[in-house]
Amino acid sequence: METLEPFLPPSHEGDTMEVEAGAGAFQTEAFGGSEREAAPSGAEALPLAPLGADAPSVRRSQPIRIASNRRKGGWSFSSSVPAVPNPFPELSSPAKSPVLLNSLPPQSSEKHLIKVNGEDGHSRSVWVSRRATARDVCHMLVQAAHCSDQENWALLEHHPSLGLERCLEDHEVVLDVQATWSLKGDTRLVFCKNYAKYEFFRKPVLFFPESMISDSADVSKGMTSSELVQNLLRSGTCPEIQGFLHLKEPSRKSWKKVYFFLRRSGLYSSTKGSSKEPRHLQCMADLEDLNLYSVVNSRKLYGAPTDFTFCIKPSRNPIRVQDRKILCAENEQTRTCWMSAFRLFKYGKQLQYNYQLSKSTSQSSKSEASKLPDGKSKSEASLVAMDFSGKAGGRVIKNPMEAKCAEREEGQAWRRREALRCSLPNLSSTARASSIHNSQPWFHGGVSRKEAERLIEKQGLVDGMFLIRESQQHEQCFVLSMCFQLKSKHYLVIPCDKGGRKYFTIDDGATVFLDLLQLVEFHQINRGILPVCLKHPCVCVAL
């Protein structure tokens with residue numbers, strides 16, 4: 001009898017199945033949808049009879065596991081291990097987990113993540129909607145940073161390598177602004193204070209001097225220049241501006257002085273002196289597709305003749321060098337006039353609407369914050385001069401000259417009234433005077449004069465903006481830097497000794513203060529030798 005040898009079928013693509021091999025059984029293979037016996041090629045089919053009782057015992061084999069081949073959809077894995085239930089099902093579903101909501105993006109696909117930097121170098125990432133404006137983002141950051149002052153905040157678009165920065169308008173969509181940035185650039189958003197965003201609506205004559213208003217303006221209807229400016233601003237427009245500016249020549253370090261005209265239709269330069277005839281005017285830029293920037297450190301970066309430099313640049317990217325026009329003014333008032341006129345001509349009534357919305361929001365927040373229990377509200381306008389020298393009690397001083405004399409006497413008596421505050425026996429006045437100002441937001445340490453002017457300019461050239469810094473030329477002295485009429489002024493704070501106690505003064509000892517905090521508090525309600533009272537501290541915003 002012929003002995004049969006075990007045979008395994010060749011491997012073929014397709015599904016395989018396993019059966020138990022042993023006595024009275026055989027292996028089958030699904031091949032082309034039909035079954036066939038596994039027999040050697042050319043061998044006759046032999047009938048299989050059951051084994052007799054006297055046959056030797058056969059060792060049954062275990063089921064053979066044949067690995068499945070690759071399917072069209074990839075590898076299929078089979079496992080006999082039962083699934084382990086998740087002991088913390090709430091962690092697998094962000095919708096049910098209040099812990100993970102802040103670290104995951106919102107469910108809505110309309111939310112986008114933006115990064116905003118603070119002036120202290122730190123940054124914060126926030127989720128915003130697709131149409132979120134600069135006003136919306138500022139409101140979110142004020143709430144997130146727990147800022148006590150909720151007014152006059154702004155987003156600054158900063159280009160460090162180019163030295164350019166501009167304050168985004170309240171209605172600008174932040175994501176649209178970021179879409180114009182170069183992917184290889186270092187542009188970023190900075191959250192900061194800006195008190196001068198709408199200051200030209202409050203003091204138009206200061207921002208638009210009569211000498212810069214074009215002769216073509218309609219001043220022949222019995223209106224003065226100031227009345228004309230106020231009427232135009234109320235209607236959401238601006239008078240035509242004219243004057244000389246320094247223009248940086250493209251691809252060169254030289255500058256040339258050119259006479260410019262700024263109109264609603266664009267920026268024009270005169271090819272013949274200050275002539276404004278149409279044949280002598282050349283269109284330099286269209287205001288629709290331009291963004292306006294102030295230039296930081298312009299002398300070093302661009303060799304500008306003065307520090308009062310600004311730039312007009314197309315909002316599209318990439319741009320050519322010749323499309324970026326850098327202009328330089330003779331003083332800060334001239335630069336502010338040109339930049340304010342650019343904004344008004346470009347945005348028109350939208351700026352007027354932004355100003356009205358900002359003013360209404362400010363008034364409503366002030367009224368809510370200053371509510372008294374009896375329903376009355378207090379404001380700075382309700383403060384009046386009082387005289388308490390008589391025996392019958394206080395009286396209101398109605399004479400303006402008498403009120404000024406009372407203010408002067410108040411300054412002279414300030415030291416005597418406030419001496420009790422630091423007269424405790426265990427308190428060192430020297431240690432107090434040297435440390436109490438360090439925790440104040442208006443103290444900026446050892447910054448230079450130029451850096452102090454840049455900080456004030458960055459947060460808005462409004463009257464009463466101030467900071468205090470350490471003097472770099474006089475030891476143990478400080479400097480009060482403040483803004484008045486678009487100019488920075490600096491006052492030296494000198495320490496002096498009287499009666500064994502250390503004081504500070506800015507008027508050669510006529511009025512002395514125990515510390516810098518007392519000096520600031522006094523000049524916030526009394527002008528003294530300053531041109532205006534201290535109003536807005538120049539603060540460093542931390543996120």
# chains A, B, ... in the order shown; residues from 1 in each chain; ligands from 1

$ closest_atom_pairs --of "range 249-313 of chain A" --to "range 194-216 of chain A" --cutoff "10 Å" --atoms "only C-alpha atoms" --output "tab-separated table"
residue	atom	partner	partner_atom	distance
A:Phe261	CA	A:Ser214	CA	7.9
A:Leu262	CA	A:Ser214	CA	8.9
A:Arg263	CA	A:Ser214	CA	9.4
A:Lys276	CA	A:Ser216	CA	9.7

$ write_last_selection --atoms "N, CA, C and O atoms" --output "PDB file, in the first residue's frame"
ATOM      1  N   PHE A 261       0.873 117.304  -0.698  1.00  0.00           N
ATOM      2  CA  PHE A 261      -0.537 117.638  -0.490  1.00  0.00           C
ATOM      3  C   PHE A 261      -1.259 116.340  -0.162  1.00  0.00           C
ATOM      4  O   PHE A 261      -1.099 115.336  -0.874  1.00  0.00           O
ATOM      5  N   LEU A 262      -2.057 116.351   0.877  1.00  0.00           N
ATOM      6  CA  LEU A 262      -2.853 115.183   1.247  1.00  0.00           C
ATOM      7  C   LEU A 262      -4.322 115.524   1.052  1.00  0.00           C
ATOM      8  O   LEU A 262      -4.862 116.417   1.713  1.00  0.00           O
ATOM      9  N   ARG A 263      -4.945 114.778   0.152  1.00  0.00           N
ATOM     10  CA  ARG A 263      -6.352 114.994  -0.163  1.00  0.00           C
ATOM     11  C   ARG A 263      -7.094 113.663  -0.030  1.00  0.00           C
ATOM     12  O   ARG A 263      -6.486 112.610   0.175  1.00  0.00           O
ATOM     13  N   LYS A 276       0.858 123.941  -6.588  1.00  0.00           N
ATOM     14  CA  LYS A 276      -0.229 122.971  -6.506  1.00  0.00           C
ATOM     15  C   LYS A 276      -1.049 122.917  -7.795  1.00  0.00           C
ATOM     16  O   LYS A 276      -2.168 122.419  -7.806  1.00  0.00           O
TER      17      LYS A 276
END

$ closest_residue --among "A:Thr361, A:Gln282, A:Asn152, A:Ser129" --to "Val462 in chain A" --atoms "only C-alpha atoms"
A:Asn152

$ residues_around --residues "Glu119 in chain A" --least-positions-apart "4" --cutoff "12 Å" --atoms "only C-alpha atoms" --output "list in words"
Ser123, Arg124, Leu155, Leu156, His158, Arg188, Leu189, Val190, Phe191, Cys192, Lys193, Leu455, Lys458, Gln459, Cys538, Val539, Cys540, Val541, Ala542 and Leu543 of chain A

$ residues_around --residues "Ser125 in chain A" --least-positions-apart "3" --cutoff "9 Å" --atoms "only C-alpha atoms" --output "PyMOL selection string"
chain A and resi 113-117

$ closest_atom_pairs --of "range 256-345 of chain A" --to "range 234-251 of chain A" --cutoff "12 Å" --atoms "only C-alpha atoms" --output "JSON lines"
{"residue": "A:Lys256", "atom": "CA", "partner": "A:Leu247", "partner_atom": "CA", "distance": 5.4}
{"residue": "A:Lys257", "atom": "CA", "partner": "A:His246", "partner_atom": "CA", "distance": 4.4}
{"residue": "A:Val258", "atom": "CA", "partner": "A:Phe244", "partner_atom": "CA", "distance": 5.5}
{"residue": "A:Tyr259", "atom": "CA", "partner": "A:Phe244", "partner_atom": "CA", "distance": 4.3}
{"residue": "A:Phe260", "atom": "CA", "partner": "A:Gln242", "partner_atom": "CA", "distance": 5.6}
{"residue": "A:Phe261", "atom": "CA", "partner": "A:Gln242", "partner_atom": "CA", "distance": 4.5}
{"residue": "A:Leu262", "atom": "CA", "partner": "A:Ile241", "partner_atom": "CA", "distance": 5.2}
{"residue": "A:Arg263", "atom": "CA", "partner": "A:Glu240", "partner_atom": "CA", "distance": 5.2}
{"residue": "A:Arg264", "atom": "CA", "partner": "A:Glu240", "partner_atom": "CA", "distance": 7.8}
{"residue": "A:Ser265", "atom": "CA", "partner": "A:Glu240", "partner_atom": "CA", "distance": 10.4}
{"residue": "A:Gly266", "atom": "CA", "partner": "A:Glu240", "partner_atom": "CA", "distance": 10.4}
{"residue": "A:Leu267", "atom": "CA", "partner": "A:Ile241", "partner_atom": "CA", "distance": 9.7}
{"residue": "A:Tyr268", "atom": "CA", "partner": "A:Gln242", "partner_atom": "CA", "distance": 9.5}
{"residue": "A:Ser269", "atom": "CA", "partner": "A:Phe244", "partner_atom": "CA", "distance": 9.5}
{"residue": "A:Ser270", "atom": "CA", "partner": "A:Phe244", "partner_atom": "CA", "distance": 10.0}
{"residue": "A:Gly273", "atom": "CA", "partner": "A:Phe244", "partner_atom": "CA", "distance": 9.6}
{"residue": "A:Ser274", "atom": "CA", "partner": "A:Gly243", "partner_atom": "CA", "distance": 8.2}
{"residue": "A:Ser275", "atom": "CA", "partner": "A:Gln242", "partner_atom": "CA", "distance": 10.8}
{"residue": "A:Lys276", "atom": "CA", "partner": "A:Gln242", "partner_atom": "CA", "distance": 9.7}
{"residue": "A:Met284", "atom": "CA", "partner": "A:Leu247", "partner_atom": "CA", "distance": 11.2}
{"residue": "A:Ser298", "atom": "CA", "partner": "A:Lys248", "partner_atom": "CA", "distance": 11.2}
{"residue": "A:Arg299", "atom": "CA", "partner": "A:Lys248", "partner_atom": "CA", "distance": 11.8}
{"residue": "A:Leu301", "atom": "CA", "partner": "A:Lys248", "partner_atom": "CA", "distance": 11.9}
{"residue": "A:Tyr302", "atom": "CA", "partner": "A:Lys248", "partner_atom": "CA", "distance": 8.2}
{"residue": "A:Gly303", "atom": "CA", "partner": "A:Lys248", "partner_atom": "CA", "distance": 9.0}
{"residue": "A:Ala304", "atom": "CA", "partner": "A:Lys248", "partner_atom": "CA", "distance": 7.9}
{"residue": "A:Pro305", "atom": "CA", "partner": "A:His246", "partner_atom": "CA", "distance": 8.0}
{"residue": "A:Thr306", "atom": "CA", "partner": "A:His246", "partner_atom": "CA", "distance": 9.3}
{"residue": "A:Asp307", "atom": "CA", "partner": "A:His246", "partner_atom": "CA", "distance": 11.6}
{"residue": "A:Phe308", "atom": "CA", "partner": "A:His246", "partner_atom": "CA", "distance": 10.3}
{"residue": "A:Thr309", "atom": "CA", "partner": "A:His246", "partner_atom": "CA", "distance": 9.0}
{"residue": "A:Phe310", "atom": "CA", "partner": "A:Leu247", "partner_atom": "CA", "distance": 10.2}
{"residue": "A:Cys311", "atom": "CA", "partner": "A:Leu247", "partner_atom": "CA", "distance": 9.9}
{"residue": "A:Ile312", "atom": "CA", "partner": "A:Leu247", "partner_atom": "CA", "distance": 11.3}
{"residue": "A:Arg320", "atom": "CA", "partner": "A:Pro250", "partner_atom": "CA", "distance": 10.0}
{"residue": "A:Val321", "atom": "CA", "partner": "A:Pro250", "partner_atom": "CA", "distance": 6.9}
{"residue": "A:Gln322", "atom": "CA", "partner": "A:Pro250", "partner_atom": "CA", "distance": 5.3}
{"residue": "A:Asp323", "atom": "CA", "partner": "A:Pro250", "partner_atom": "CA", "distance": 8.6}
{"residue": "A:Arg324", "atom": "CA", "partner": "A:Pro250", "partner_atom": "CA", "distance": 8.3}
{"residue": "A:Lys325", "atom": "CA", "partner": "A:Lys248", "partner_atom": "CA", "distance": 7.1}
{"residue": "A:Ile326", "atom": "CA", "partner": "A:Lys248", "partner_atom": "CA", "distance": 5.7}
{"residue": "A:Leu327", "atom": "CA", "partner": "A:Leu247", "partner_atom": "CA", "distance": 4.8}
{"residue": "A:Cys328", "atom": "CA", "partner": "A:His246", "partner_atom": "CA", "distance": 4.9}
{"residue": "A:Ala329", "atom": "CA", "partner": "A:Leu245", "partner_atom": "CA", "distance": 5.4}
{"residue": "A:Glu330", "atom": "CA", "partner": "A:Leu245", "partner_atom": "CA", "distance": 7.6}
{"residue": "A:Asn331", "atom": "CA", "partner": "A:Leu245", "partner_atom": "CA", "distance": 10.5}
{"residue": "A:Thr334", "atom": "CA", "partner": "A:Gly243", "partner_atom": "CA", "distance": 8.9}
{"residue": "A:Arg335", "atom": "CA", "partner": "A:Leu245", "partner_atom": "CA", "distance": 9.2}
{"residue": "A:Thr336", "atom": "CA", "partner": "A:Ile241", "partner_atom": "CA", "distance": 11.8}
{"residue": "A:Cys337", "atom": "CA", "partner": "A:Ile241", "partner_atom": "CA", "distance": 8.2}
{"residue": "A:Trp338", "atom": "CA", "partner": "A:Ile241", "partner_atom": "CA", "distance": 7.3}
{"residue": "A:Met339", "atom": "CA", "partner": "A:Ile241", "partner_atom": "CA", "distance": 10.5}
{"residue": "A:Ser340", "atom": "CA", "partner": "A:Cys238", "partner_atom": "CA", "distance": 8.9}
{"residue": "A:Ala341", "atom": "CA", "partner": "A:Cys238", "partner_atom": "CA", "distance": 6.2}
{"residue": "A:Phe342", "atom": "CA", "partner": "A:Cys238", "partner_atom": "CA", "distance": 8.9}
{"residue": "A:Arg343", "atom": "CA", "partner": "A:Cys238", "partner_atom": "CA", "distance": 9.3}
{"residue": "A:Leu344", "atom": "CA", "partner": "A:Thr237", "partner_atom": "CA", "distance": 5.7}
{"residue": "A:Phe345", "atom": "CA", "partner": "A:Thr237", "partner_atom": "CA", "distance": 6.1}

$ residues_around --residues "range 435-445 of chain A" --least-positions-apart "5" --cutoff "6 Å" --atoms "only C-alpha atoms" --output "NGL selection string"
:A and (467-470 or 537-539)

$ select_by_dssp --residues "range 153-260 of chain A" --states "strand (DSSP E)" --output "number ranges by chain"
A: 153-159, 164-167, 188-193, 241-248, 255-260

$ closest_atom_pairs --of "range 418-509 of chain A" --to "range 524-536 of chain A" --cutoff "9 Å" --atoms "only C-alpha atoms" --output "JSON lines"
{"residue": "A:Trp442", "atom": "CA", "partner": "A:His536", "partner_atom": "CA", "distance": 9.0}
{"residue": "A:Val462", "atom": "CA", "partner": "A:His536", "partner_atom": "CA", "distance": 8.5}
{"residue": "A:Asp463", "atom": "CA", "partner": "A:Val532", "partner_atom": "CA", "distance": 7.1}
{"residue": "A:Gly464", "atom": "CA", "partner": "A:Leu534", "partner_atom": "CA", "distance": 4.6}
{"residue": "A:Met465", "atom": "CA", "partner": "A:His536", "partner_atom": "CA", "distance": 4.5}
{"residue": "A:Phe466", "atom": "CA", "partner": "A:His536", "partner_atom": "CA", "distance": 6.3}
{"residue": "A:Leu467", "atom": "CA", "partner": "A:His536", "partner_atom": "CA", "distance": 8.8}
{"residue": "A:Met482", "atom": "CA", "partner": "A:Leu534", "partner_atom": "CA", "distance": 7.9}
{"residue": "A:Phe484", "atom": "CA", "partner": "A:Pro531", "partner_atom": "CA", "distance": 7.2}
{"residue": "A:Tyr491", "atom": "CA", "partner": "A:Leu530", "partner_atom": "CA", "distance": 8.7}
{"residue": "A:Ile506", "atom": "CA", "partner": "A:Ile529", "partner_atom": "CA", "distance": 8.2}
{"residue": "A:Asp507", "atom": "CA", "partner": "A:Ile529", "partner_atom": "CA", "distance": 7.0}

$ write_last_selection --atoms "N, CA and C atoms" --output "PDB file, in the first residue's frame"
ATOM      1  N   TRP A 442       3.625 103.840  37.683  1.00  0.00           N
ATOM      2  CA  TRP A 442       4.235 104.933  36.933  1.00  0.00           C
ATOM      3  C   TRP A 442       5.752 105.007  37.108  1.00  0.00           C
ATOM      4  N   VAL A 462      -0.920 112.678  25.019  1.00  0.00           N
ATOM      5  CA  VAL A 462      -2.018 113.471  25.561  1.00  0.00           C
ATOM      6  C   VAL A 462      -1.512 114.235  26.772  1.00  0.00           C
ATOM      7  N   ASP A 463      -2.119 115.364  27.033  1.00  0.00           N
ATOM      8  CA  ASP A 463      -1.704 116.192  28.164  1.00  0.00           C
ATOM      9  C   ASP A 463      -1.889 115.436  29.473  1.00  0.00           C
ATOM     10  N   GLY A 464      -0.850 115.425  30.298  1.00  0.00           N
ATOM     11  CA  GLY A 464      -0.927 114.788  31.607  1.00  0.00           C
ATOM     12  C   GLY A 464      -0.391 113.371  31.651  1.00  0.00           C
ATOM     13  N   MET A 465       0.014 112.781  30.528  1.00  0.00           N
ATOM     14  CA  MET A 465       0.662 111.468  30.532  1.00  0.00           C
ATOM     15  C   MET A 465       2.035 111.618  31.212  1.00  0.00           C
ATOM     16  N   PHE A 466       2.361 110.724  32.143  1.00  0.00           N
ATOM     17  CA  PHE A 466       3.594 110.920  32.924  1.00  0.00           C
ATOM     18  C   PHE A 466       4.179 109.588  33.360  1.00  0.00           C
ATOM     19  N   LEU A 467       5.453 109.647  33.742  1.00  0.00           N
ATOM     20  CA  LEU A 467       6.158 108.555  34.403  1.00  0.00           C
ATOM     21  C   LEU A 467       7.307 109.170  35.199  1.00  0.00           C
ATOM     22  N   MET A 482       6.752 113.999  31.465  1.00  0.00           N
ATOM     23  CA  MET A 482       5.329 114.140  31.182  1.00  0.00           C
ATOM     24  C   MET A 482       5.129 114.737  29.798  1.00  0.00           C
ATOM     25  N   PHE A 484       2.909 117.403  27.306  1.00  0.00           N
ATOM     26  CA  PHE A 484       2.064 118.598  27.251  1.00  0.00           C
ATOM     27  C   PHE A 484       2.138 119.164  25.842  1.00  0.00           C
ATOM     28  N   TYR A 491      11.260 117.062  34.409  1.00  0.00           N
ATOM     29  CA  TYR A 491      11.485 117.852  35.619  1.00  0.00           C
ATOM     30  C   TYR A 491      12.332 117.023  36.587  1.00  0.00           C
ATOM     31  N   ILE A 506      10.555 119.512  43.433  1.00  0.00           N
ATOM     32  CA  ILE A 506      10.806 119.829  42.026  1.00  0.00           C
ATOM     33  C   ILE A 506      10.790 121.339  41.793  1.00  0.00           C
ATOM     34  N   ASP A 507      10.604 122.118  42.849  1.00  0.00           N
ATOM     35  CA  ASP A 507      10.550 123.580  42.705  1.00  0.00           C
ATOM     36  C   ASP A 507      11.514 124.264  43.671  1.00  0.00           C
TER      37      ASP A 507
END
